[in-house]
>>> print(open('query-v9.tsv').read())   # TSV, N, CA and C atoms
chain	number	residue	atom	x	y	z
A	1	MET	N	-63.33	-24.99	-61.20
A	1	MET	CA	-63.80	-26.17	-60.53
A	1	MET	C	-63.87	-27.33	-61.50
A	2	THR	N	-64.84	-28.21	-61.25
A	2	THR	CA	-64.99	-29.38	-62.11
A	2	THR	C	-66.24	-29.24	-62.95
A	3	ASP	N	-66.27	-30.02	-63.97
A	3	ASP	CA	-67.43	-30.02	-64.85
A	3	ASP	C	-68.41	-31.13	-64.48
A	4	LEU	N	-68.20	-31.81	-63.34
A	4	LEU	CA	-69.09	-32.90	-62.93
A	4	LEU	C	-70.35	-32.30	-62.32
A	5	PRO	N	-71.48	-32.96	-62.58
A	5	PRO	CA	-72.72	-32.48	-61.98
A	5	PRO	C	-72.68	-32.69	-60.47
A	6	ILE	N	-73.44	-31.89	-59.78
A	6	ILE	CA	-73.47	-31.89	-58.31
A	6	ILE	C	-73.89	-33.24	-57.75
A	7	GLU	N	-74.81	-33.93	-58.42
A	7	GLU	CA	-75.26	-35.23	-57.94
A	7	GLU	C	-74.11	-36.25	-57.98
A	8	GLN	N	-73.33	-36.19	-59.00
A	8	GLN	CA	-72.20	-37.11	-59.14
A	8	GLN	C	-71.14	-36.79	-58.08
A	9	LEU	N	-70.90	-35.55	-57.79
A	9	LEU	CA	-69.96	-35.14	-56.75
A	9	LEU	C	-70.44	-35.62	-55.38
A	10	GLN	N	-71.76	-35.50	-55.14
A	10	GLN	CA	-72.31	-35.96	-53.87
A	10	GLN	C	-72.17	-37.48	-53.74
A	11	THR	N	-72.34	-38.19	-54.82
A	11	THR	CA	-72.19	-39.65	-54.82
A	11	THR	C	-70.74	-40.01	-54.51
A	12	ILE	N	-69.81	-39.32	-55.13
A	12	ILE	CA	-68.38	-39.58	-54.88
A	12	ILE	C	-68.04	-39.26	-53.42
A	13	ARG	N	-68.60	-38.14	-52.92
A	13	ARG	CA	-68.38	-37.75	-51.53
A	13	ARG	C	-68.91	-38.85	-50.59
A	14	ASP	N	-70.09	-39.36	-50.86
A	14	ASP	CA	-70.68	-40.41	-50.02
A	14	ASP	C	-69.84	-41.69	-50.08
A	15	GLU	N	-69.35	-42.02	-51.25
A	15	GLU	CA	-68.51	-43.21	-51.39
A	15	GLU	C	-67.20	-43.04	-50.61
A	16	LEU	N	-66.63	-41.83	-50.71
A	16	LEU	CA	-65.40	-41.55	-49.97
A	16	LEU	C	-65.63	-41.61	-48.47
A	17	ARG	N	-66.74	-41.08	-48.00
A	17	ARG	CA	-67.06	-41.15	-46.57
A	17	ARG	C	-67.23	-42.60	-46.12
A	18	ALA	N	-67.88	-43.40	-46.97
A	18	ALA	CA	-68.05	-44.83	-46.65
A	18	ALA	C	-66.68	-45.52	-46.58
A	19	GLU	N	-65.80	-45.19	-47.51
A	19	GLU	CA	-64.44	-45.76	-47.51
A	19	GLU	C	-63.68	-45.31	-46.26
A	20	ILE	N	-63.83	-44.06	-45.89
A	20	ILE	CA	-63.16	-43.54	-44.69
A	20	ILE	C	-63.67	-44.25	-43.44
A	21	ARG	N	-65.01	-44.46	-43.35
A	21	ARG	CA	-65.57	-45.18	-42.21
A	21	ARG	C	-65.02	-46.61	-42.14
A	22	GLU	N	-64.97	-47.24	-43.29
A	22	GLU	CA	-64.43	-48.60	-43.34
A	22	GLU	C	-62.96	-48.62	-42.92
A	23	ALA	N	-62.20	-47.62	-43.38
A	23	ALA	CA	-60.78	-47.53	-43.01
A	23	ALA	C	-60.63	-47.30	-41.51
A	24	HIS	N	-61.51	-46.44	-40.93
A	24	HIS	CA	-61.47	-46.21	-39.49
A	24	HIS	C	-61.79	-47.50	-38.73
A	25	GLY	N	-62.76	-48.26	-39.21
A	25	GLY	CA	-63.11	-49.54	-38.59
A	25	GLY	C	-61.94	-50.53	-38.65
A	26	THR	N	-61.30	-50.58	-39.81
A	26	THR	CA	-60.15	-51.47	-39.97
A	26	THR	C	-59.01	-51.04	-39.05
A	27	LEU	N	-58.76	-49.74	-38.97
A	27	LEU	CA	-57.73	-49.21	-38.09
A	27	LEU	C	-58.03	-49.55	-36.63
A	28	LYS	N	-59.31	-49.43	-36.24
A	28	LYS	CA	-59.71	-49.77	-34.88
A	28	LYS	C	-59.45	-51.26	-34.61
A	29	ASP	N	-59.80	-52.13	-35.59
A	29	ASP	CA	-59.55	-53.55	-35.44
A	29	ASP	C	-58.06	-53.85	-35.33
A	30	LEU	N	-57.26	-53.18	-36.14
A	30	LEU	CA	-55.81	-53.37	-36.10
A	30	LEU	C	-55.23	-52.95	-34.75
A	31	ARG	N	-55.69	-51.83	-34.23
A	31	ARG	CA	-55.21	-51.38	-32.92
A	31	ARG	C	-55.58	-52.38	-31.83
A	32	SER	N	-56.78	-52.92	-31.94
A	32	SER	CA	-57.21	-53.93	-30.97
A	32	SER	C	-56.32	-55.17	-31.06
A	33	GLU	N	-56.02	-55.60	-32.27
A	33	GLU	CA	-55.16	-56.77	-32.47
A	33	GLU	C	-53.74	-56.50	-31.97
A	34	ILE	N	-53.24	-55.30	-32.20
A	34	ILE	CA	-51.90	-54.94	-31.72
A	34	ILE	C	-51.87	-54.97	-30.19
A	35	LYS	N	-52.92	-54.45	-29.57
A	35	LYS	CA	-53.00	-54.47	-28.11
A	35	LYS	C	-52.99	-55.90	-27.59
A	36	THR	N	-53.80	-56.74	-28.23
A	36	THR	CA	-53.85	-58.16	-27.83
A	36	THR	C	-52.49	-58.82	-28.01
A	37	ALA	N	-51.84	-58.54	-29.13
A	37	ALA	CA	-50.52	-59.12	-29.40
A	37	ALA	C	-49.50	-58.66	-28.35
A	38	ARG	N	-49.55	-57.38	-27.99
A	38	ARG	CA	-48.61	-56.87	-26.97
A	38	ARG	C	-48.86	-57.53	-25.62
A	39	GLU	N	-50.10	-57.86	-25.33
A	39	GLU	CA	-50.40	-58.54	-24.07
A	39	GLU	C	-49.94	-60.00	-24.11
A	40	LEU	N	-49.98	-60.61	-25.30
A	40	LEU	CA	-49.61	-62.01	-25.43
A	40	LEU	C	-48.11	-62.25	-25.55
A	41	VAL	N	-47.38	-61.28	-26.05
A	41	VAL	CA	-45.94	-61.47	-26.27
A	41	VAL	C	-45.22	-61.87	-24.99
A	42	PRO	N	-45.43	-61.18	-23.87
A	42	PRO	CA	-44.73	-61.64	-22.66
A	42	PRO	C	-45.14	-63.05	-22.25
A	43	LEU	N	-46.41	-63.38	-22.44
A	43	LEU	CA	-46.86	-64.73	-22.10
A	43	LEU	C	-46.20	-65.76	-23.01
A	44	LEU	N	-46.15	-65.45	-24.31
A	44	LEU	CA	-45.52	-66.37	-25.25
A	44	LEU	C	-44.04	-66.51	-24.94
A	45	THR	N	-43.41	-65.40	-24.61
A	45	THR	CA	-41.99	-65.42	-24.29
A	45	THR	C	-41.77	-66.31	-23.07
A	46	ASP	N	-42.59	-66.15	-22.03
A	46	ASP	CA	-42.47	-66.98	-20.84
A	46	ASP	C	-42.71	-68.45	-21.18
A	47	GLU	N	-43.72	-68.71	-22.00
A	47	GLU	CA	-44.01	-70.09	-22.38
A	47	GLU	C	-42.87	-70.68	-23.20
A	48	LEU	N	-42.32	-69.90	-24.13
A	48	LEU	CA	-41.20	-70.38	-24.93
A	48	LEU	C	-39.98	-70.63	-24.05
A	49	PHE	N	-39.75	-69.72	-23.11
A	49	PHE	CA	-38.63	-69.88	-22.18
A	49	PHE	C	-38.80	-71.15	-21.35
A	50	GLU	N	-39.99	-71.34	-20.81
A	50	GLU	CA	-40.26	-72.53	-20.01
A	50	GLU	C	-40.11	-73.79	-20.85
A	51	ALA	N	-40.59	-73.74	-22.09
A	51	ALA	CA	-40.48	-74.90	-22.97
A	51	ALA	C	-39.01	-75.21	-23.26
A	52	GLU	N	-38.21	-74.19	-23.49
A	52	GLU	CA	-36.78	-74.39	-23.76
A	52	GLU	C	-36.07	-74.94	-22.52
A	53	VAL	N	-36.41	-74.40	-21.35
A	53	VAL	CA	-35.81	-74.89	-20.11
A	53	VAL	C	-36.18	-76.36	-19.90
A	54	LYS	N	-37.46	-76.68	-20.11
A	54	LYS	CA	-37.90	-78.08	-19.95
A	54	LYS	C	-37.16	-78.99	-20.93
A	55	LYS	N	-37.00	-78.53	-22.16
A	55	LYS	CA	-36.30	-79.32	-23.17
A	55	LYS	C	-34.85	-79.59	-22.74
A	56	GLN	N	-34.19	-78.53	-22.24
A	56	GLN	CA	-32.80	-78.69	-21.83
A	56	GLN	C	-32.66	-79.53	-20.57
A	57	VAL	N	-33.60	-79.37	-19.64
A	57	VAL	CA	-33.56	-80.20	-18.42
A	57	VAL	C	-33.79	-81.66	-18.78
A	58	ASP	N	-34.72	-81.92	-19.70
A	58	ASP	CA	-34.95	-83.30	-20.14
A	58	ASP	C	-33.70	-83.88	-20.80
A	59	ALA	N	-33.04	-83.07	-21.64
A	59	ALA	CA	-31.81	-83.53	-22.29
A	59	ALA	C	-30.73	-83.82	-21.25
A	60	LEU	N	-30.61	-82.94	-20.26
A	60	LEU	CA	-29.63	-83.15	-19.19
A	60	LEU	C	-29.99	-84.41	-18.40
A	61	GLY	N	-31.27	-84.61	-18.13
A	61	GLY	CA	-31.70	-85.82	-17.43
A	61	GLY	C	-31.35	-87.08	-18.20
A	62	ASN	N	-31.56	-87.05	-19.51
A	62	ASN	CA	-31.23	-88.21	-20.35
A	62	ASN	C	-29.73	-88.46	-20.35
A	63	ALA	N	-28.94	-87.38	-20.47
A	63	ALA	CA	-27.48	-87.54	-20.48
A	63	ALA	C	-27.00	-88.06	-19.13
A	64	THR	N	-27.58	-87.56	-18.05
A	64	THR	CA	-27.21	-88.02	-16.71
A	64	THR	C	-27.55	-89.49	-16.53
A	65	GLU	N	-28.74	-89.86	-16.96
A	65	GLU	CA	-29.15	-91.26	-16.85
A	65	GLU	C	-28.22	-92.17	-17.64
A	66	ALA	N	-27.85	-91.75	-18.85
A	66	ALA	CA	-26.93	-92.55	-19.67
A	66	ALA	C	-25.57	-92.67	-18.99
A	67	ALA	N	-25.08	-91.56	-18.41
A	67	ALA	CA	-23.79	-91.60	-17.72
A	67	ALA	C	-23.86	-92.50	-16.49
A	68	MET	N	-24.96	-92.43	-15.76
A	68	MET	CA	-25.12	-93.27	-14.58
A	68	MET	C	-25.18	-94.74	-14.97
A	69	ASP	N	-25.92	-95.05	-16.04
A	69	ASP	CA	-26.01	-96.44	-16.51
A	69	ASP	C	-24.62	-96.95	-16.91
A	70	ALA	N	-23.85	-96.11	-17.61
A	70	ALA	CA	-22.50	-96.51	-18.02
A	70	ALA	C	-21.61	-96.74	-16.80
A	71	ALA	N	-21.73	-95.87	-15.79
A	71	ALA	CA	-20.94	-96.03	-14.56
A	71	ALA	C	-21.32	-97.31	-13.83
A	72	VAL	N	-22.61	-97.59	-13.75
A	72	VAL	CA	-23.07	-98.82	-13.09
A	72	VAL	C	-22.54	-100.04	-13.85
A	73	ASP	N	-22.59	-99.99	-15.18
A	73	ASP	CA	-22.08	-101.10	-15.98
A	73	ASP	C	-20.58	-101.33	-15.72
A	74	ARG	N	-19.81	-100.23	-15.61
A	74	ARG	CA	-18.38	-100.37	-15.33
A	74	ARG	C	-18.14	-100.98	-13.95
A	75	VAL	N	-18.91	-100.55	-12.96
A	75	VAL	CA	-18.76	-101.09	-11.60
A	75	VAL	C	-19.12	-102.56	-11.58
A	76	ILE	N	-20.21	-102.92	-12.23
A	76	ILE	CA	-20.62	-104.33	-12.28
A	76	ILE	C	-19.54	-105.17	-12.95
A	77	LYS	N	-18.97	-104.64	-14.04
A	77	LYS	CA	-17.91	-105.36	-14.74
A	77	LYS	C	-16.71	-105.60	-13.81
A	78	LYS	N	-16.35	-104.56	-13.03
A	78	LYS	CA	-15.23	-104.71	-12.10
A	78	LYS	C	-15.54	-105.76	-11.03
A	79	PHE	N	-16.77	-105.75	-10.51
A	79	PHE	CA	-17.15	-106.76	-9.52
A	79	PHE	C	-17.16	-108.15	-10.13
A	80	ASP	N	-17.59	-108.26	-11.39
A	80	ASP	CA	-17.56	-109.56	-12.06
A	80	ASP	C	-16.12	-110.05	-12.21
A	81	GLU	N	-15.20	-109.12	-12.54
A	81	GLU	CA	-13.78	-109.48	-12.65
A	81	GLU	C	-13.24	-109.94	-11.29
A	82	LEU	N	-13.62	-109.21	-10.23
A	82	LEU	CA	-13.18	-109.57	-8.88
A	82	LEU	C	-13.74	-110.93	-8.49
A	83	GLN	N	-14.99	-111.20	-8.84
A	83	GLN	CA	-15.59	-112.50	-8.54
A	83	GLN	C	-14.84	-113.61	-9.27
A	84	ALA	N	-14.50	-113.35	-10.53
A	84	ALA	CA	-13.78	-114.36	-11.30
A	84	ALA	C	-12.41	-114.64	-10.67
A	85	ILE	N	-11.76	-113.60	-10.20
A	85	ILE	CA	-10.46	-113.79	-9.54
A	85	ILE	C	-10.65	-114.56	-8.24
A	86	ALA	N	-11.66	-114.17	-7.45
A	86	ALA	CA	-11.88	-114.80	-6.15
A	86	ALA	C	-12.30	-116.26	-6.27
A	87	THR	N	-13.01	-116.60	-7.31
A	87	THR	CA	-13.49	-117.98	-7.46
A	87	THR	C	-12.57	-118.84	-8.32
A	88	GLY	N	-11.49	-118.27	-8.82
A	88	GLY	CA	-10.55	-119.04	-9.63
A	88	GLY	C	-10.98	-119.16	-11.08
A	89	GLU	N	-11.91	-118.37	-11.51
A	89	GLU	CA	-12.37	-118.43	-12.89
A	89	GLU	C	-11.68	-117.40	-13.78
A	90	ASP	N	-10.68	-116.72	-13.24
A	90	ASP	CA	-9.98	-115.67	-13.99
A	90	ASP	C	-8.98	-116.33	-14.94
A	91	ARG	N	-9.31	-116.45	-16.18
A	91	ARG	CA	-8.49	-117.14	-17.17
A	91	ARG	C	-7.21	-116.37	-17.49
A	92	GLN	N	-7.28	-115.07	-17.41
A	92	GLN	CA	-6.09	-114.26	-17.72
A	92	GLN	C	-4.98	-114.54	-16.71
A	93	SER	N	-5.33	-114.60	-15.42
A	93	SER	CA	-4.34	-114.90	-14.40
A	93	SER	C	-3.80	-116.31	-14.56
A	94	ARG	N	-4.66	-117.25	-14.90
A	94	ARG	CA	-4.22	-118.63	-15.11
A	94	ARG	C	-3.26	-118.74	-16.29
A	95	ARG	N	-3.52	-117.94	-17.36
A	95	ARG	CA	-2.61	-117.95	-18.51
A	95	ARG	C	-1.23	-117.43	-18.12
A	96	LYS	N	-1.21	-116.52	-17.15
A	96	LYS	CA	0.07	-115.95	-16.69
A	96	LYS	C	0.75	-116.89	-15.69
A	97	GLY	N	0.11	-118.00	-15.37
A	97	GLY	CA	0.70	-118.97	-14.46
A	97	GLY	C	0.47	-118.63	-13.00
A	98	GLN	N	-0.39	-117.69	-12.72
A	98	GLN	CA	-0.67	-117.33	-11.33
A	98	GLN	C	-1.74	-118.24	-10.77
A	99	PRO	N	-1.57	-118.67	-9.51
A	99	PRO	CA	-2.59	-119.53	-8.91
A	99	PRO	C	-3.83	-118.71	-8.57
A	100	SER	N	-4.98	-119.36	-8.55
A	100	SER	CA	-6.21	-118.67	-8.20
A	100	SER	C	-6.27	-118.50	-6.69
A	101	ILE	N	-7.10	-117.62	-6.23
A	101	ILE	CA	-7.26	-117.39	-4.80
A	101	ILE	C	-7.74	-118.65	-4.09
A	102	PRO	N	-8.73	-119.37	-4.64
A	102	PRO	CA	-9.13	-120.62	-3.97
A	102	PRO	C	-7.97	-121.62	-3.86
A	103	ASP	N	-7.12	-121.67	-4.92
A	103	ASP	CA	-5.97	-122.58	-4.86
A	103	ASP	C	-4.99	-122.12	-3.78
A	104	LEU	N	-4.82	-120.81	-3.64
A	104	LEU	CA	-3.94	-120.28	-2.59
A	104	LEU	C	-4.47	-120.64	-1.21
A	105	PHE	N	-5.80	-120.53	-1.03
A	105	PHE	CA	-6.39	-120.91	0.26
A	105	PHE	C	-6.21	-122.40	0.54
A	106	ARG	N	-6.42	-123.23	-0.49
A	106	ARG	CA	-6.24	-124.67	-0.32
A	106	ARG	C	-4.78	-125.00	0.03
A	107	ALA	N	-3.86	-124.33	-0.66
A	107	ALA	CA	-2.44	-124.57	-0.38
A	107	ALA	C	-2.10	-124.13	1.04
A	108	ARG	N	-2.64	-123.01	1.45
A	108	ARG	CA	-2.39	-122.52	2.82
A	108	ARG	C	-2.98	-123.49	3.85
A	109	ALA	N	-4.17	-123.98	3.56
A	109	ALA	CA	-4.81	-124.92	4.47
A	109	ALA	C	-3.99	-126.22	4.56
A	110	ALA	N	-3.44	-126.67	3.43
A	110	ALA	CA	-2.63	-127.89	3.42
A	110	ALA	C	-1.36	-127.70	4.23
A	111	ILE	N	-0.77	-126.49	4.10
A	111	ILE	CA	0.45	-126.19	4.87
A	111	ILE	C	0.12	-126.17	6.35
A	112	GLU	N	-1.00	-125.57	6.73
A	112	GLU	CA	-1.41	-125.51	8.13
A	112	GLU	C	-1.71	-126.91	8.66
A	113	ALA	N	-2.30	-127.76	7.81
A	113	ALA	CA	-2.65	-129.11	8.24
A	113	ALA	C	-1.38	-129.93	8.45
A	114	ASP	N	-0.38	-129.71	7.57
A	114	ASP	CA	0.87	-130.45	7.71
A	114	ASP	C	1.62	-130.05	8.98
A	115	ARG	N	1.49	-128.82	9.41
A	115	ARG	CA	2.15	-128.33	10.61
A	115	ARG	C	1.55	-128.95	11.87
A	116	GLU	N	0.36	-129.35	11.80
A	116	GLU	CA	-0.29	-129.88	13.01
A	116	GLU	C	0.03	-131.28	13.22
>>> encode(input="query-v9.tsv", output="structure tokens")
Amino acid sequence: MTDLPIEQLQTIRDELRAEIREAHGTLKDLRSEIKTARELVPLLTDELFEAEVKKQVDALGNATEAAMDAAVDRVIKKFDELQAIATGEDRQSRRKGQPSIPDLFRARAAIEADRE
């Protein structure tokens, strides 16, 4: 056996029992935390999924809005070009020597007036 006195062995035994109790308490706490974590993981996963979906939907919304704004700007530009042509303010057509629409209407009206 050992040469340690019985009192010292009993002290070591008591210390070991105290350590074992503490280890059991820590193990119990760890199991409780693991259980809580297992319960939270699906919730966190759902929350992360929802957050990612929201992020992507917001990005899609921003991209859609930008595309719509660009389309509206193109349509407005085309209508402005049409207005310029209709009112005779189209400089490109005038540079090409083409008469403006108002000038064509005036010429047509003059021809009709001469016929009467």
>>> residues_around(input="query-v9.tsv", residues="Phe105 of chain A", least_positions_apart="6", cutoff="12 Å", atoms="only C-alpha atoms", output="PDB file with N, CA and C atoms, keeping the file's coordinate frame")
ATOM      1  N   ALA A  86     -11.660-114.170  -7.450  1.00  0.00           N
ATOM      2  CA  ALA A  86     -11.880-114.800  -6.150  1.00  0.00           C
ATOM      3  C   ALA A  86     -12.300-116.260  -6.270  1.00  0.00           C
ATOM      4  N   THR A  87     -13.010-116.600  -7.310  1.00  0.00           N
ATOM      5  CA  THR A  87     -13.490-117.980  -7.460  1.00  0.00           C
ATOM      6  C   THR A  87     -12.570-118.840  -8.320  1.00  0.00           C
ATOM      7  N   GLY A  88     -11.490-118.270  -8.820  1.00  0.00           N
ATOM      8  CA  GLY A  88     -10.550-119.040  -9.630  1.00  0.00           C
ATOM      9  C   GLY A  88     -10.980-119.160 -11.080  1.00  0.00           C
ATOM     10  N   PRO A  99      -1.570-118.670  -9.510  1.00  0.00           N
ATOM     11  CA  PRO A  99      -2.590-119.530  -8.910  1.00  0.00           C
ATOM     12  C   PRO A  99      -3.830-118.710  -8.570  1.00  0.00           C
ATOM     13  N   ILE A 111      -0.770-126.490   4.100  1.00  0.00           N
ATOM     14  CA  ILE A 111       0.450-126.190   4.870  1.00  0.00           C
ATOM     15  C   ILE A 111       0.120-126.170   6.350  1.00  0.00           C
ATOM     16  N   GLU A 112      -1.000-125.570   6.730  1.00  0.00           N
ATOM     17  CA  GLU A 112      -1.410-125.510   8.130  1.00  0.00           C
ATOM     18  C   GLU A 112      -1.710-126.910   8.660  1.00  0.00           C
TER      19      GLU A 112
END
>>> atom_distance(input="query-v9.tsv", atom1="atom N of Val41 of chain A", atom2="atom CA of Ala23 of chain A")
25.6 Å
>>> atom_distance(input="query-v9.tsv", atom1="atom C of Ala109 of chain A", atom2="atom CA of Lys78 of chain A")
29.4 Å
>>> atom_distance(input="query-v9.tsv", atom1="atom CA of Ile101 of chain A", atom2="atom CA of Leu82 of chain A")
10.6 Å
>>> decode(input="query-v9.tsv", residues="segment 37-56 of chain A", atoms="N, CA, C and O atoms", output="PDB file, in the first residue's frame")
ATOM      1  N   ALA A  37     -28.917  25.173 -26.584  1.00  0.00           N
ATOM      2  CA  ALA A  37     -28.358  25.461 -27.912  1.00  0.00           C
ATOM      3  C   ALA A  37     -29.094  24.673 -28.991  1.00  0.00           C
ATOM      4  O   ALA A  37     -29.399  25.206 -30.064  1.00  0.00           O
ATOM      5  N   ARG A  38     -29.399  23.407 -28.711  1.00  0.00           N
ATOM      6  CA  ARG A  38     -30.122  22.582 -29.698  1.00  0.00           C
ATOM      7  C   ARG A  38     -31.523  23.137 -29.949  1.00  0.00           C
ATOM      8  O   ARG A  38     -32.045  23.028 -31.052  1.00  0.00           O
ATOM      9  N   GLU A  39     -32.129  23.709 -28.932  1.00  0.00           N
ATOM     10  CA  GLU A  39     -33.450  24.306 -29.104  1.00  0.00           C
ATOM     11  C   GLU A  39     -33.367  25.611 -29.895  1.00  0.00           C
ATOM     12  O   GLU A  39     -34.276  25.952 -30.644  1.00  0.00           O
ATOM     13  N   LEU A  40     -32.253  26.334 -29.735  1.00  0.00           N
ATOM     14  CA  LEU A  40     -32.110  27.625 -30.401  1.00  0.00           C
ATOM     15  C   LEU A  40     -31.631  27.520 -31.843  1.00  0.00           C
ATOM     16  O   LEU A  40     -31.938  28.393 -32.654  1.00  0.00           O
ATOM     17  N   VAL A  41     -30.911  26.472 -32.170  1.00  0.00           N
ATOM     18  CA  VAL A  41     -30.346  26.346 -33.521  1.00  0.00           C
ATOM     19  C   VAL A  41     -31.426  26.425 -34.599  1.00  0.00           C
ATOM     20  O   VAL A  41     -31.275  27.189 -35.556  1.00  0.00           O
ATOM     21  N   PRO A  42     -32.528  25.684 -34.485  1.00  0.00           N
ATOM     22  CA  PRO A  42     -33.549  25.840 -35.533  1.00  0.00           C
ATOM     23  C   PRO A  42     -34.110  27.259 -35.601  1.00  0.00           C
ATOM     24  O   PRO A  42     -34.371  27.777 -36.685  1.00  0.00           O
ATOM     25  N   LEU A  43     -34.266  27.891 -34.445  1.00  0.00           N
ATOM     26  CA  LEU A  43     -34.765  29.263 -34.441  1.00  0.00           C
ATOM     27  C   LEU A  43     -33.776  30.204 -35.110  1.00  0.00           C
ATOM     28  O   LEU A  43     -34.150  31.065 -35.907  1.00  0.00           O
ATOM     29  N   LEU A  44     -32.493  30.035 -34.774  1.00  0.00           N
ATOM     30  CA  LEU A  44     -31.467  30.872 -35.379  1.00  0.00           C
ATOM     31  C   LEU A  44     -31.398  30.634 -36.876  1.00  0.00           C
ATOM     32  O   LEU A  44     -31.253  31.566 -37.665  1.00  0.00           O
ATOM     33  N   THR A  45     -31.511  29.380 -37.267  1.00  0.00           N
ATOM     34  CA  THR A  45     -31.469  29.046 -38.686  1.00  0.00           C
ATOM     35  C   THR A  45     -32.635  29.715 -39.397  1.00  0.00           C
ATOM     36  O   THR A  45     -32.466  30.303 -40.465  1.00  0.00           O
ATOM     37  N   ASP A  46     -33.836  29.647 -38.822  1.00  0.00           N
ATOM     38  CA  ASP A  46     -35.001  30.294 -39.418  1.00  0.00           C
ATOM     39  C   ASP A  46     -34.797  31.805 -39.482  1.00  0.00           C
ATOM     40  O   ASP A  46     -35.102  32.437 -40.498  1.00  0.00           O
ATOM     41  N   GLU A  47     -34.273  32.375 -38.407  1.00  0.00           N
ATOM     42  CA  GLU A  47     -34.038  33.819 -38.386  1.00  0.00           C
ATOM     43  C   GLU A  47     -32.995  34.215 -39.419  1.00  0.00           C
ATOM     44  O   GLU A  47     -33.156  35.212 -40.127  1.00  0.00           O
ATOM     45  N   LEU A  48     -31.914  33.434 -39.530  1.00  0.00           N
ATOM     46  CA  LEU A  48     -30.882  33.727 -40.519  1.00  0.00           C
ATOM     47  C   LEU A  48     -31.446  33.587 -41.926  1.00  0.00           C
ATOM     48  O   LEU A  48     -31.155  34.396 -42.810  1.00  0.00           O
ATOM     49  N   PHE A  49     -32.255  32.559 -42.137  1.00  0.00           N
ATOM     50  CA  PHE A  49     -32.876  32.349 -43.446  1.00  0.00           C
ATOM     51  C   PHE A  49     -33.780  33.531 -43.793  1.00  0.00           C
ATOM     52  O   PHE A  49     -33.708  34.074 -44.901  1.00  0.00           O
ATOM     53  N   GLU A  50     -34.609  33.930 -42.844  1.00  0.00           N
ATOM     54  CA  GLU A  50     -35.507  35.061 -43.077  1.00  0.00           C
ATOM     55  C   GLU A  50     -34.718  36.340 -43.331  1.00  0.00           C
ATOM     56  O   GLU A  50     -35.080  37.135 -44.205  1.00  0.00           O
ATOM     57  N   ALA A  51     -33.641  36.528 -42.581  1.00  0.00           N
ATOM     58  CA  ALA A  51     -32.816  37.722 -42.775  1.00  0.00           C
ATOM     59  C   ALA A  51     -32.186  37.714 -44.171  1.00  0.00           C
ATOM     60  O   ALA A  51     -32.146  38.763 -44.838  1.00  0.00           O
ATOM     61  N   GLU A  52     -31.714  36.563 -44.616  1.00  0.00           N
ATOM     62  CA  GLU A  52     -31.107  36.462 -45.950  1.00  0.00           C
ATOM     63  C   GLU A  52     -32.155  36.690 -47.032  1.00  0.00           C
ATOM     64  O   GLU A  52     -31.901  37.390 -48.018  1.00  0.00           O
ATOM     65  N   VAL A  53     -33.339  36.128 -46.850  1.00  0.00           N
ATOM     66  CA  VAL A  53     -34.415  36.331 -47.827  1.00  0.00           C
ATOM     67  C   VAL A  53     -34.777  37.814 -47.890  1.00  0.00           C
ATOM     68  O   VAL A  53     -34.916  38.382 -48.979  1.00  0.00           O
ATOM     69  N   LYS A  54     -34.910  38.441 -46.717  1.00  0.00           N
ATOM     70  CA  LYS A  54     -35.240  39.873 -46.687  1.00  0.00           C
ATOM     71  C   LYS A  54     -34.155  40.688 -47.393  1.00  0.00           C
ATOM     72  O   LYS A  54     -34.459  41.586 -48.175  1.00  0.00           O
ATOM     73  N   LYS A  55     -32.906  40.344 -47.145  1.00  0.00           N
ATOM     74  CA  LYS A  55     -31.793  41.057 -47.765  1.00  0.00           C
ATOM     75  C   LYS A  55     -31.857  40.930 -49.288  1.00  0.00           C
ATOM     76  O   LYS A  55     -31.705  41.917 -50.012  1.00  0.00           O
ATOM     77  N   GLN A  56     -32.123  39.702 -49.765  1.00  0.00           N
ATOM     78  CA  GLN A  56     -32.178  39.490 -51.206  1.00  0.00           C
ATOM     79  C   GLN A  56     -33.405  40.135 -51.834  1.00  0.00           C
ATOM     80  O   GLN A  56     -33.332  40.658 -52.944  1.00  0.00           O
TER      81      GLN A  56
END
